[in-house]
file data.tsv (TSV, C-alpha atoms)
chain	number	residue	atom	x	y	z
A	1	MET	CA	0.00	0.00	0.00
A	2	LYS	CA	1.28	3.44	-0.94
A	3	ARG	CA	2.18	5.74	1.97
A	4	PRO	CA	0.51	9.16	2.12
A	5	PRO	CA	2.73	12.19	1.53
A	6	LEU	CA	4.55	13.67	4.52
A	7	SER	CA	2.80	17.03	4.13
A	8	LEU	CA	-0.62	15.39	4.34
A	9	THR	CA	0.43	13.51	7.46
A	10	LEU	CA	1.76	16.67	9.13
A	11	ILE	CA	-1.35	18.69	8.27
A	12	SER	CA	-3.59	15.89	9.55
A	13	ILE	CA	-1.69	15.72	12.84
A	14	THR	CA	-1.85	19.50	13.24
A	15	VAL	CA	-5.60	19.58	12.53
A	16	LEU	CA	-6.07	16.77	15.05
A	17	VAL	CA	-4.11	18.66	17.73
A	18	VAL	CA	-6.08	21.86	17.09
A	19	GLY	CA	-9.32	19.89	17.26
A	20	ILE	CA	-8.33	18.28	20.55
A	21	LEU	CA	-7.38	21.70	21.96
A	22	ALA	CA	-10.70	23.17	20.83
A	23	ILE	CA	-12.63	20.33	22.46
A	24	ALA	CA	-10.54	20.67	25.63
A	25	PHE	CA	-11.27	24.40	25.83
A	26	ALA	CA	-14.96	23.91	25.07
A	27	THR	CA	-15.47	21.20	27.68
A	28	GLY	CA	-13.38	22.92	30.35
A	29	TRP	CA	-10.55	20.37	30.58
A	30	ILE	CA	-8.20	23.28	29.94
A	31	PRO	CA	-9.53	26.36	31.73
A	32	LEU	CA	-9.34	29.48	29.63
A	33	ALA	CA	-9.77	32.03	32.40
A	34	ASP	CA	-6.92	34.33	31.44
A	35	ILE	CA	-5.93	34.88	27.80
A	36	ARG	CA	-2.46	36.11	28.86
A	37	GLY	CA	-1.81	32.77	30.50
A	38	HIS	CA	-2.55	30.95	27.28
A	39	PHE	CA	-1.04	33.51	24.93
A	40	ALA	CA	1.16	30.97	23.14
A	41	THR	CA	-1.85	28.72	22.48
A	42	PHE	CA	-3.85	31.70	21.26
A	43	VAL	CA	-1.09	32.81	18.88
A	44	PHE	CA	-0.59	29.25	17.59
A	45	LEU	CA	-4.28	28.79	16.87
A	46	LEU	CA	-4.55	32.23	15.27
A	47	VAL	CA	-1.60	31.60	12.96
A	48	PHE	CA	-2.79	28.08	12.12
A	49	ILE	CA	-6.32	29.20	11.28
A	50	SER	CA	-4.96	32.11	9.21
A	51	ILE	CA	-2.73	29.77	7.20
A	52	LEU	CA	-5.63	27.38	6.56
A	53	ALA	CA	-7.84	30.31	5.52
A	54	ILE	CA	-5.22	31.57	3.06
A	55	ILE	CA	-4.70	28.08	1.58
A	56	GLY	CA	-8.47	27.61	1.28
A	57	ALA	CA	-8.88	31.00	-0.38
A	58	ILE	CA	-6.14	30.14	-2.88
A	59	PHE	CA	-7.81	26.84	-3.80
A	60	VAL	CA	-11.26	28.44	-4.09
A	61	GLY	CA	-9.77	31.19	-6.26
A	62	MET	CA	-8.04	28.65	-8.48
A	63	PHE	CA	-11.27	26.70	-8.86
A	64	ILE	CA	-13.35	29.78	-9.70
A	65	SER	CA	-10.79	31.16	-12.17
A	66	HIS	CA	-10.50	27.76	-13.85
A	67	ARG	CA	-14.28	27.57	-14.26
A	68	ILE	CA	-14.42	31.12	-15.63
A	69	PHE	CA	-11.53	30.84	-18.09
A	70	SER	CA	-12.08	27.25	-19.23
A	71	ASP	CA	-13.73	26.56	-22.55
A	72	SER	CA	-17.44	26.55	-21.95
A	73	GLY	CA	-18.19	24.22	-24.87
A	74	PHE	CA	-19.82	20.84	-24.53
A	75	THR	CA	-17.77	17.75	-23.76
A	76	THR	CA	-17.74	14.83	-26.21
A	77	PHE	CA	-20.20	12.93	-24.04
A	78	GLU	CA	-22.61	15.88	-23.91
A	79	GLU	CA	-22.39	16.32	-27.70
A	80	GLU	CA	-23.21	12.63	-28.20
A	81	MET	CA	-26.19	12.90	-25.84
A	82	LEU	CA	-27.49	15.95	-27.72
A	83	GLN	CA	-27.10	14.11	-31.03
A	84	MET	CA	-28.92	11.10	-29.59
A	85	ARG	CA	-31.74	13.37	-28.38
A	86	LYS	CA	-32.04	14.82	-31.87
A	87	ASP	CA	-32.12	11.32	-33.38
A	88	VAL	CA	-34.85	10.23	-30.96
A	89	GLN	CA	-36.92	13.31	-31.82
A	90	ASP	CA	-36.52	12.58	-35.55
A	91	ILE	CA	-37.64	8.97	-35.06
A	92	LYS	CA	-40.61	10.14	-32.98
A	93	GLU	CA	-41.65	12.60	-35.71
A	94	ARG	CA	-41.43	9.87	-38.39
A	95	LEU	CA	-43.58	7.54	-36.29
A	96	GLU	CA	-46.18	10.23	-35.78
A	97	GLU	CA	-46.23	10.92	-39.54
A	98	GLU	CA	-46.72	7.23	-40.31
A	99	GLU	CA	-49.50	6.91	-37.73
A	100	GLU	CA	-51.33	9.84	-39.35
A	101	GLU	CA	-51.17	8.16	-42.77
call {"tool": "encode", "arguments": {"input": "data.tsv", "output": "structure tokens"}}
result
Amino acid sequence: MKRPPLSLTLISITVLVVGILAIAFATGWIPLADIRGHFATFVFLLVFISILAIIGAIFVGMFISHRIFSDSGFTTFEEEMLQMRKDVQDIKERLEEEEEE
């Protein structure tokens, strides 16, 4: 089995740690009474969330620009389906003409 890339492993571990910290703060396992006492944690989470937001914005921007600038023509499959629809309509019209005769 192929091993996942190191970057994916590191990001997964970091997301897991941030999730565990968030759950610990939310449930009260780690008291968050004084923000100055947990300044390092606050800065770490702020930087981590900012980096994820920037990476997400880059990927969303790439996706949107790709959709805007890509050729908006039909794919080969869509062209075949449109041709098939036209063929079916032609056959239906011929049948209706023969039924009228």
call {"tool": "atom_distance", "arguments": {"input": "data.tsv", "atom1": "atom CA of Thr14 of chain A", "atom2": "atom CA of Leu45 of chain A"}}
result
10.3 Å
call {"tool": "closest_residue", "arguments": {"input": "data.tsv", "among": "A:Glu97, A:Val18, A:Ser12, A:Met1", "to": "Val47 of chain A", "atoms": "only C-alpha atoms"}}
result
A:Val18
call {"tool": "atom_distance", "arguments": {"input": "data.tsv", "atom1": "atom CA of Phe63 of chain A", "atom2": "atom CA of Ser50 of chain A"}}
result
19.9 Å
call {"tool": "atom_distance", "arguments": {"input": "data.tsv", "atom1": "atom CA of Glu96 of chain A", "atom2": "atom CA of Glu78 of chain A"}}
result
27.0 Å
call {"tool": "residues_near_point", "arguments": {"input": "data.tsv", "point": "(-5.4, 26.4, 22.2)", "cutoff": "10 Å", "atoms": "all atoms listed in the file", "output": "PyMOL selection string"}}
result
chain A and resi 17-25+30+32+38-46
call {"tool": "closest_residue", "arguments": {"input": "data.tsv", "among": "A:Ser65, A:Val15, A:Trp29, A:Glu79", "to": "Phe48 of chain A", "atoms": "all atoms listed in the file"}}
result
A:Val15
call {"tool": "axis_aligned_box", "arguments": {"input": "data.tsv", "around": "segment 7-14 of chain A", "padding_each_side": "4 Å", "output": "AutoDock Vina command-line options"}}
result
--center_x -0.4 --center_y 16.5 --center_z 8.7 --size_x 14.4 --size_y 14.0 --size_z 17.1
